[in-house]
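K.L.:
Below you'll find the structure I mean.
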Amino acid sequence: MLEFLRGRDVLVAGWGISGRSLVEPLRDIGARPVVTDGGAAALAEAAGLGLDVATCVELETTDWSRFALVITSPGWRPDSPVLAAAVAEGTPVWGDVEFAWWVDQARIYGPVRKWLVITGTNGKTTTTQMTHAILRAAGIPSVACGNIGLPILDALRRNPGPQVLAVELSSFQLHWAPSVRPEAGVVLNVAEDHLDWHGGLDAYAAAKARALVGRVGVVGLDDPVAASLARRSKARRTVGFRIGVPADGELGVVDGKLLDRAFTKAAILAEVGDISPPGPAGVADALAASALTRAIDVAPQFIREGLIEHKVGPHRSAFVREVGGVDFIDDSKATNPHAARTAILAHPQVVWVAGGQLKGAQIEDLVEEVADRLVAVVLIGADAPVFAAALARHAPEVPVIELIAGDDAGMGDASRDKADVVMARAVQAAAGYARRGDAVLLAPAAASLDMFADYTHRGRSFAAAVHALEDGDVGRTL
């Protein structure tokens, strides 16, 4: 199955977490990894580990016949010069997830595992963690891996190995993994995100639909785009879930209880009160995790045990602190408008901290929908002007404060990172507009990389600024 790689060079495109995870499996099957990356420091690190390296410029004139395969990191777009050149010369291009699938099918590291694949614009990580918690409660050796942080190849190499993988996959990873056939796969929801990478919503949704090609496909019926994918599902059986009374072939909620009518006539799985995080988004994620695990015959009692055990991860509507009667909430993981909508609608009165990189998503509908909940808005990041323009159109009475990187007058500590300085000023400004009973909510609706290392850095920065507040900082602008 992978014999064509033995004794051949394989180009590893991208020296990040996924790229590093490829090296030992490639060596284990007798291939020779060669690393390329756009960063000189990354290539120097790879070379320091004794790996062959090639710059992107060198590859423009390389003899592609030397490479049996290119394995790309998920963030590399199909039109990247290196990948486009490989395809033009007839060299196959796989993603790291595609390679991991074939490593598993070839039994390089033990018996073939069952893959439970989770994708969607929002809720992937929470659903993956819930799925893993249910599997643990059932005593099934398992691991959460993929986009959640642990590369699938590293999970496969564990000893003793897991029997089931709860695999979070992004649209990028699915694009580069056409062969994956999960035991069960779910598309939670599909909203505008990564449109700059995929070129449009249709292509983005098509990438997500690759989760629906195995034995059981699961779709979120309350999301119109995800629900429409049921008609395109190539799974042998497709079921749905909704936050409401389920029909036959669905999971849903009746009288505060999660109910399965897809894998049995009617089985109570858990109480809504068992779910963390609380609210509609958490319940939807729990239904999705329940569907995946019911698809592999996990009994209802273990689903409830797992959901009770599960606690929401950091930066996902996480309560930071109450100051002067105001709750400060960190939802830095809300990296697109769809996720921010869920966070805002959970609170009646919000001082919204938002902004970053919209990645092609539009903000108009979100602003119009939540305008009556907004006390004030503090904007940071590259696309702050886009937010400001939408707010001027749809919420003209709401005070809006725009801050930019480097706008650090009066902070008094030149050694602090500029992004942290701006966040500290944003939190101070937001606190000034908040009243007792309000929530100051970091739900950026945008990516973080224009200012921060990642969304976790952004969330930590927000929390640090909140912990520096005093009661007198709240309401001073009113």
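Scheme for the structure tokens: letters A, B, ... for chains in order shown; per-chain residue numbers from 1; ligand numbers from 1 in order shown.
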Set the distance at 9 Å and use only C-alpha atoms: which residues neighbour Lys114 of chain A once local chain neighbours fewer than 4 positions away are removed? I'd like the list as a count of residues only.
P.N.:
8
K.L.:
Need to verify the contact set: Val218 of chain A, 6 Å, only C-alpha atoms, exclusion of same-chain residues closer than 2 positions in sequence. Can you return it as an NGL selection string?
P.N.:
:A and (186 or 238-240)
K.L.:
Write the residues you've just listed into a file as a compact mmCIF listing (two decimals), in the first residue's frame, and include N, CA, C and O atoms for each of them.
P.N.:
# COMPACT_ATOMS: atom_id res chain seq x y z
N VAL A 186 -19.15 13.75 11.33
CA VAL A 186 -20.19 14.75 11.54
C VAL A 186 -19.77 16.09 10.95
O VAL A 186 -18.61 16.48 11.04
N THR A 238 -27.09 8.21 6.77
CA THR A 238 -26.95 9.59 7.24
C THR A 238 -28.06 9.90 8.22
O THR A 238 -29.24 9.63 7.95
N VAL A 239 -27.69 10.44 9.38
CA VAL A 239 -28.65 10.84 10.40
C VAL A 239 -28.41 12.31 10.74
O VAL A 239 -27.40 12.90 10.34
N GLY A 240 -29.33 12.89 11.49
CA GLY A 240 -29.19 14.29 11.86
C GLY A 240 -29.48 14.51 13.33
O GLY A 240 -30.03 13.64 14.02
K.L.:
Would you return as a PyMOL selection string the members of segment 17-203 of chain A that DSSP assigns to helix (DSSP H, G or I) on this structure's backbone?
P.N.:
chain A and resi 17-28+40-48+56-59+64-66+81-88+96-105+124-137+152-156+171-175+195-198+201-203
K.L.:
So which residues touch Gly120 of chain A within 7 Å, counting only C-alpha atoms, skipping near sequence neighbours fewer than 2 positions away, as a compact mmCIF listing (two decimals) with C-alpha atoms, in the first residue's frame?
P.N.:
# COMPACT_ATOMS: atom_id res chain seq x y z
CA ASN A 122 -17.66 26.06 15.08
CA GLY A 123 -17.77 23.58 17.93
CA LYS A 124 -15.22 21.10 16.53
CA VAL A 187 -20.60 18.19 9.96
CA LEU A 188 -21.75 20.39 12.82
CA ASN A 189 -22.43 23.60 10.91
CA VAL A 190 -21.11 25.60 7.96
CA LYS A 208 -16.55 19.82 5.01
K.L.:
May I have the residues within 7 Å of Thr127 of chain A as a PyMOL selection string, using only C-alpha atoms and disregarding those fewer than 6 positions away in the same chain?
P.N.:
chain A and resi 285-286+288-289
K.L.:
Can you list, as a PyMOL selection string, every protein, DNA or RNA residue that comes within 8 Å of segment 68-70 of chain A when you count only C-alpha atoms, leaving out same-chain residues fewer than 3 positions away?
P.N.:
chain A and resi 4-5+8-13+65+83+86+91-94
K.L.:
Among segment 358-432 of chain A, which residues carry a DSSP assignment of strand (DSSP E), reported as a PyMOL selection string?
P.N.:
chain A and resi 374-379+400-402
K.L.:
Check the smallest atom-to-atom distance from each of A:Arg113, A:Arg215, A:His338, A:Arg373 to Ile152 of chain A using only C-alpha atoms, then report the winner.
P.N.:
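Of all the options, A:Arg113 lies closest to Ile152 of chain A.
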K.L.:
Check the smallest atom-to-atom distance from each of A:Ala267, A:Leu2, A:Leu469, A:Val398 to Gln428 of chain A using only C-alpha atoms, then report the winner.
P.N.:
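Residue with the minimum atom-to-atom distance to Gln428 of chain A: A:Leu469.
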K.L.:
With only C-alpha atoms as the counted atoms, please give the residues lying no more than 9 Å from Asp438 of chain A, apart from itself and same-chain residues fewer than 2 positions off, as a list in words.
P.N.:
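Here the qualifying residues turn out to be Gly325, Val326, Asp327, Phe328, His347, Pro348, Gln349, Val350, Val351, Val375, Ala434, Arg435, Arg436 and Val440 of chain A.
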K.L.:
Let me make sure I understand: among A:Leu22, A:Leu116, A:Val323, A:Leu358, which one has the smallest atom-to-atom distance to Asp473 of chain A if we use only C-alpha atoms?
P.N.:
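The shortest atom-to-atom distance to Asp473 of chain A comes from A:Val323.
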